[in-house]
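Trainee: Dropping in final.json, which is JSON, C-alpha atoms:
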```json
[["chain", "number", "residue", "atom", "x", "y", "z"],
["A", 19, "MET", "CA", 64.12, 123.09, 111.64],
["A", 20, "TYR", "CA", 65.54, 119.60, 111.78],
["A", 21, "LYS", "CA", 66.41, 117.58, 114.85],
["A", 22, "VAL", "CA", 69.91, 116.06, 114.84],
["A", 23, "SER", "CA", 68.60, 112.62, 113.89],
["A", 24, "GLU", "CA", 66.56, 114.03, 111.00],
["A", 25, "PHE", "CA", 69.44, 116.17, 109.81],
["A", 26, "ALA", "CA", 71.84, 113.24, 110.00],
["A", 27, "GLU", "CA", 69.45, 111.18, 107.89],
["A", 28, "ILE", "CA", 68.95, 113.77, 105.15],
["A", 29, "THR", "CA", 72.65, 114.69, 104.90],
["A", 30, "GLY", "CA", 74.16, 111.25, 105.38],
["A", 31, "LEU", "CA", 76.41, 112.60, 108.14],
["A", 32, "SER", "CA", 76.45, 110.65, 111.38],
["A", 33, "LYS", "CA", 75.37, 112.24, 114.65],
["A", 34, "ASN", "CA", 78.96, 111.91, 115.85],
["A", 35, "THR", "CA", 80.23, 113.73, 112.77],
["A", 36, "LEU", "CA", 77.69, 116.50, 113.34],
["A", 37, "ARG", "CA", 78.86, 116.82, 116.95],
["A", 38, "TYR", "CA", 82.49, 116.87, 115.82],
["A", 39, "TYR", "CA", 81.80, 119.49, 113.14],
["A", 40, "ALA", "CA", 80.02, 121.62, 115.78],
["A", 41, "GLU", "CA", 83.01, 121.30, 118.13],
["A", 42, "GLU", "CA", 85.33, 122.30, 115.29],
["A", 43, "LYS", "CA", 83.10, 125.28, 114.46],
["A", 44, "LEU", "CA", 82.54, 123.92, 110.97],
["A", 45, "LEU", "CA", 78.80, 123.34, 111.18],
["A", 46, "GLU", "CA", 77.10, 124.61, 114.27],
["A", 47, "PRO", "CA", 73.40, 124.05, 114.93],
["A", 48, "ALA", "CA", 71.13, 126.89, 113.88],
["A", 49, "TYR", "CA", 69.40, 126.70, 117.24],
["A", 50, "ILE", "CA", 70.01, 125.01, 120.59],
["A", 51, "ASP", "CA", 67.00, 124.74, 122.86],
["A", 52, "PRO", "CA", 68.03, 126.33, 126.18],
["A", 53, "ASN", "CA", 65.75, 124.00, 128.16],
["A", 54, "ASN", "CA", 66.75, 120.57, 126.87],
["A", 55, "HIS", "CA", 69.89, 121.48, 124.89],
["A", 56, "TYR", "CA", 68.54, 119.75, 121.77],
["A", 57, "ARG", "CA", 70.29, 120.92, 118.66],
["A", 58, "TYR", "CA", 68.39, 121.94, 115.53],
["A", 59, "TYR", "CA", 69.57, 122.59, 112.00],
["A", 60, "ASP", "CA", 67.92, 124.60, 109.23],
["A", 61, "ASP", "CA", 68.01, 124.72, 105.43],
["A", 62, "GLY", "CA", 71.12, 126.92, 105.48],
["A", 63, "SER", "CA", 72.80, 124.25, 107.59],
["A", 64, "TYR", "CA", 71.89, 121.72, 104.92],
["A", 65, "PHE", "CA", 73.77, 123.72, 102.26],
["A", 66, "LEU", "CA", 76.83, 123.94, 104.50],
["A", 67, "ALA", "CA", 76.67, 120.22, 105.33],
["A", 68, "ILE", "CA", 76.60, 119.33, 101.63],
["A", 69, "LEU", "CA", 79.58, 121.63, 101.06],
["A", 70, "LEU", "CA", 81.51, 119.94, 103.89],
["A", 71, "ILE", "CA", 80.71, 116.50, 102.48],
["A", 72, "LYS", "CA", 81.99, 117.59, 99.08],
["A", 73, "LEU", "CA", 85.16, 119.09, 100.55],
["A", 74, "ARG", "CA", 85.91, 115.86, 102.45],
["A", 75, "ARG", "CA", 85.42, 113.84, 99.28],
["A", 76, "LEU", "CA", 87.88, 116.17, 97.56],
["A", 77, "GLY", "CA", 90.45, 115.41, 100.24],
["A", 78, "PHE", "CA", 90.27, 118.63, 102.23],
["A", 79, "THR", "CA", 91.67, 118.45, 105.74],
["A", 80, "ILE", "CA", 89.70, 119.75, 108.72],
["A", 81, "GLN", "CA", 91.93, 122.85, 108.77],
["A", 82, "GLU", "CA", 91.30, 123.48, 105.07],
["A", 83, "MET", "CA", 87.57, 123.00, 105.62],
["A", 84, "ARG", "CA", 87.73, 125.47, 108.51],
["A", 85, "THR", "CA", 89.39, 128.02, 106.20],
["A", 86, "VAL", "CA", 86.59, 127.62, 103.67],
["A", 87, "MET", "CA", 83.86, 127.89, 106.28],
["A", 88, "LYS", "CA", 85.36, 131.03, 107.88],
["A", 89, "ASP", "CA", 85.23, 132.76, 104.49],
["A", 90, "GLU", "CA", 81.46, 133.14, 104.41],
["A", 91, "SER", "CA", 81.56, 134.61, 100.91],
["A", 92, "PHE", "CA", 83.44, 131.53, 99.69],
["A", 93, "GLU", "CA", 85.57, 133.99, 97.72],
["A", 94, "ASN", "CA", 88.73, 131.96, 98.26],
["A", 95, "LEU", "CA", 87.14, 128.57, 97.56],
["A", 96, "GLU", "CA", 88.21, 128.60, 93.91],
["A", 97, "LYS", "CA", 91.80, 129.37, 94.91],
["A", 98, "LEU", "CA", 91.79, 126.53, 97.44],
["A", 99, "LEU", "CA", 90.32, 124.14, 94.88],
["A", 100, "VAL", "CA", 93.01, 125.07, 92.35],
["A", 101, "GLN", "CA", 95.70, 124.51, 95.00],
["A", 102, "LYS", "CA", 94.16, 121.15, 95.90],
["A", 103, "LYS", "CA", 94.06, 120.18, 92.22],
["A", 104, "GLU", "CA", 97.73, 121.11, 91.78],
["A", 105, "LYS", "CA", 98.65, 119.05, 94.85],
["A", 106, "ILE", "CA", 96.74, 116.04, 93.54],
["A", 107, "GLN", "CA", 98.42, 116.41, 90.14],
["A", 108, "MET", "CA", 101.82, 116.42, 91.83],
["A", 109, "GLN", "CA", 100.86, 113.23, 93.70],
["A", 110, "ILE", "CA", 99.76, 111.64, 90.42],
["A", 111, "ASP", "CA", 103.05, 112.64, 88.80],
["A", 112, "ASP", "CA", 105.00, 111.16, 91.73],
["A", 113, "LEU", "CA", 103.02, 107.92, 91.54],
["A", 114, "GLU", "CA", 103.55, 107.66, 87.78],
["A", 115, "GLU", "CA", 107.26, 108.15, 88.36],
["A", 116, "GLN", "CA", 107.22, 105.37, 90.96],
["A", 117, "LEU", "CA", 105.42, 103.10, 88.49],
["A", 118, "GLU", "CA", 108.10, 103.78, 85.88],
["A", 119, "GLU", "CA", 110.81, 102.97, 88.42],
["A", 120, "ILE", "CA", 109.09, 99.70, 89.28],
["A", 121, "ASP", "CA", 108.76, 98.81, 85.59],
["A", 122, "ASP", "CA", 112.44, 99.65, 85.00],
["A", 123, "PHE", "CA", 113.47, 97.59, 88.00],
["A", 124, "LEU", "CA", 111.38, 94.62, 86.87],
["A", 125, "ALA", "CA", 112.75, 94.92, 83.35],
["A", 126, "SER", "CA", 116.35, 94.99, 84.62],
["A", 127, "GLY", "CA", 115.68, 91.85, 86.67],
["A", 128, "LYS", "CA", 114.38, 90.05, 83.59],
["A", 129, "GLU", "CA", 117.42, 91.10, 81.56],
["A", 130, "GLU", "CA", 119.74, 89.64, 84.20],
["A", 131, "GLN", "CA", 117.90, 86.31, 84.11],
["A", 132, "GLU", "CA", 118.36, 85.96, 80.36]]
```
What is this file in structure tokens?

Mentor:
Amino acid sequence: MYKVSEFAEITGLSKNTLRYYAEEKLLEPAYIDPNNHYRYYDDGSYFLAILLIKLRRLGFTIQEMRTVMKDESFENLEKLLVQKKEKIQMQIDDLEEQLEEIDDFLASGKEEQE
């Protein structure tokens, strides 16, 4: 079992983030001491923390992370990742379109100056 400070250090998550994730039911402590209310995490918590870190890096919202964590089998994780990938690709396409519009606009301004 790891105390909050130890768990924060090994995962790279801040104590505040761990508290927030517990409030959001994303990553709850494995054990809470009834006497002093200290929170403890275990090795299973470590796996879940690493998953949450990865999901955040992939741009998942808290709601999307909650969906993943509720599905304990992670059966739908692949589907969610594919959806996220498609959304990112659409954003890339939109940004490339904007770049083309900017280039066209700049080119038309140069033509008018000549």

Trainee: To one decimal place, how far is atom CA of A:Lys33 from atom CA of A:Arg57 in Å?

Mentor: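 Taking atom CA of A:Lys33 as the start and atom CA of A:Arg57 as the end point, the length is 10.8 Å.
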
Trainee: Nearest to A:Tyr59 among A:Tyr38, A:Phe123, A:Phe92, A:Phe25, with distances taken over only C-alpha atoms: which residue is it?

Mentor: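 Selected residue with least distance to A:Tyr59: A:Phe25.
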
Trainee: Choose the residue, out of A:Gly77, A:Asn54, A:Leu66, A:Leu117, that has the smallest atom-to-atom separation from A:Leu98; count only C-alpha atoms.

Mentor: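 Comparing A:Gly77, A:Asn54, A:Leu66, A:Leu117 against A:Leu98, the winner is A:Gly77.
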
Trainee: Using all atoms listed in the file, I'd like a table of the residues in stretch 35-74 of chain A that come within 12 Å of stretch 99-104 of chain A; for each, show the closest atom pair and its distance in Å rounded to one decimal, ordered by chain and ascending number, as JSON lines.

Mentor:
```
{"residue": "A:Lys72", "atom": "CA", "partner": "A:Leu99", "partner_atom": "CA", "distance": 11.4}
{"residue": "A:Leu73", "atom": "CA", "partner": "A:Leu99", "partner_atom": "CA", "distance": 9.2}
{"residue": "A:Arg74", "atom": "CA", "partner": "A:Lys102", "partner_atom": "CA", "distance": 11.8}
```

Trainee: Separation of atom CA of A:Ala48 and atom CA of A:Tyr20, in Å?

Mentor: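 Taking atom CA of A:Ala48 and atom CA of A:Tyr20, their separation equals 9.4 Å.
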
Trainee: Please measure the separation of atom CA of A:Leu76 and atom CA of A:Ile110, giving the value in Å to one decimal.

Mentor: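 Straight-line distance from atom CA of A:Leu76 to atom CA of A:Ile110 works out to 14.6 Å.
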
Trainee: Name the residues within 10 Å of (87.4, 125.3, 106.0), counting only C-alpha atoms in the file's coordinates, and put them as a list of chain:residue names.

Mentor: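 These residues have at least one counted atom within 10 Å: A:Glu42, A:Lys43, A:Leu44, A:Leu69, A:Leu70, A:Leu73, A:Phe78, A:Thr79, A:Ile80, A:Gln81, A:Glu82, A:Met83, A:Arg84, A:Thr85, A:Val86, A:Met87, A:Lys88, A:Asp89, A:Glu90, A:Phe92, A:Leu95, A:Leu98.
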
Trainee: Please check which residues have atoms at most 12 Å from (66.7, 117.4, 114.5) in the file's coordinates, counting only C-alpha atoms, and write them as a list in words.

Mentor: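 Residues lying no farther than 12 Å from the given point: Met19, Tyr20, Lys21, Val22, Ser23, Glu24, Phe25, Ala26, Glu27, Ile28, Thr29, Lys33, Leu36, Pro47, Ala48, Tyr49, Ile50, Asp51, His55, Tyr56, Arg57, Tyr58, Tyr59, Asp60, Asp61, Ser63 and Tyr64 of chain A.
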
Trainee: Let's have the selection written as an mmCIF file, keeping the file's coordinate frame, with C-alpha atoms.

Mentor:
```
data_model
loop_
_atom_site.group_PDB
_atom_site.id
_atom_site.type_symbol
_atom_site.label_atom_id
_atom_site.label_comp_id
_atom_site.auth_asym_id
_atom_site.auth_seq_id
_atom_site.Cartn_x
_atom_site.Cartn_y
_atom_site.Cartn_z
ATOM 1 C CA MET A 19 64.120 123.090 111.640
ATOM 2 C CA TYR A 20 65.540 119.600 111.780
ATOM 3 C CA LYS A 21 66.410 117.580 114.850
ATOM 4 C CA VAL A 22 69.910 116.060 114.840
ATOM 5 C CA SER A 23 68.600 112.620 113.890
ATOM 6 C CA GLU A 24 66.560 114.030 111.000
ATOM 7 C CA PHE A 25 69.440 116.170 109.810
ATOM 8 C CA ALA A 26 71.840 113.240 110.000
ATOM 9 C CA GLU A 27 69.450 111.180 107.890
ATOM 10 C CA ILE A 28 68.950 113.770 105.150
ATOM 11 C CA THR A 29 72.650 114.690 104.900
ATOM 12 C CA LYS A 33 75.370 112.240 114.650
ATOM 13 C CA LEU A 36 77.690 116.500 113.340
ATOM 14 C CA PRO A 47 73.400 124.050 114.930
ATOM 15 C CA ALA A 48 71.130 126.890 113.880
ATOM 16 C CA TYR A 49 69.400 126.700 117.240
ATOM 17 C CA ILE A 50 70.010 125.010 120.590
ATOM 18 C CA ASP A 51 67.000 124.740 122.860
ATOM 19 C CA HIS A 55 69.890 121.480 124.890
ATOM 20 C CA TYR A 56 68.540 119.750 121.770
ATOM 21 C CA ARG A 57 70.290 120.920 118.660
ATOM 22 C CA TYR A 58 68.390 121.940 115.530
ATOM 23 C CA TYR A 59 69.570 122.590 112.000
ATOM 24 C CA ASP A 60 67.920 124.600 109.230
ATOM 25 C CA ASP A 61 68.010 124.720 105.430
ATOM 26 C CA SER A 63 72.800 124.250 107.590
ATOM 27 C CA TYR A 64 71.890 121.720 104.920
#
```

Trainee: Between A:Glu46, A:Ile120, A:Asp112, A:Asn53, which is the closest to A:Ala67 once you count only C-alpha atoms?

Mentor: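 Among the listed residues, the smallest separation from A:Ala67 belongs to A:Glu46.
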
Trainee: Pick from A:Glu115, A:Ile68, A:Gly62, A:Gln109: nearest to A:Leu31, with all atoms listed in the file counted?

Mentor: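 Residue with the minimum atom-to-atom distance to A:Leu31: A:Ile68.
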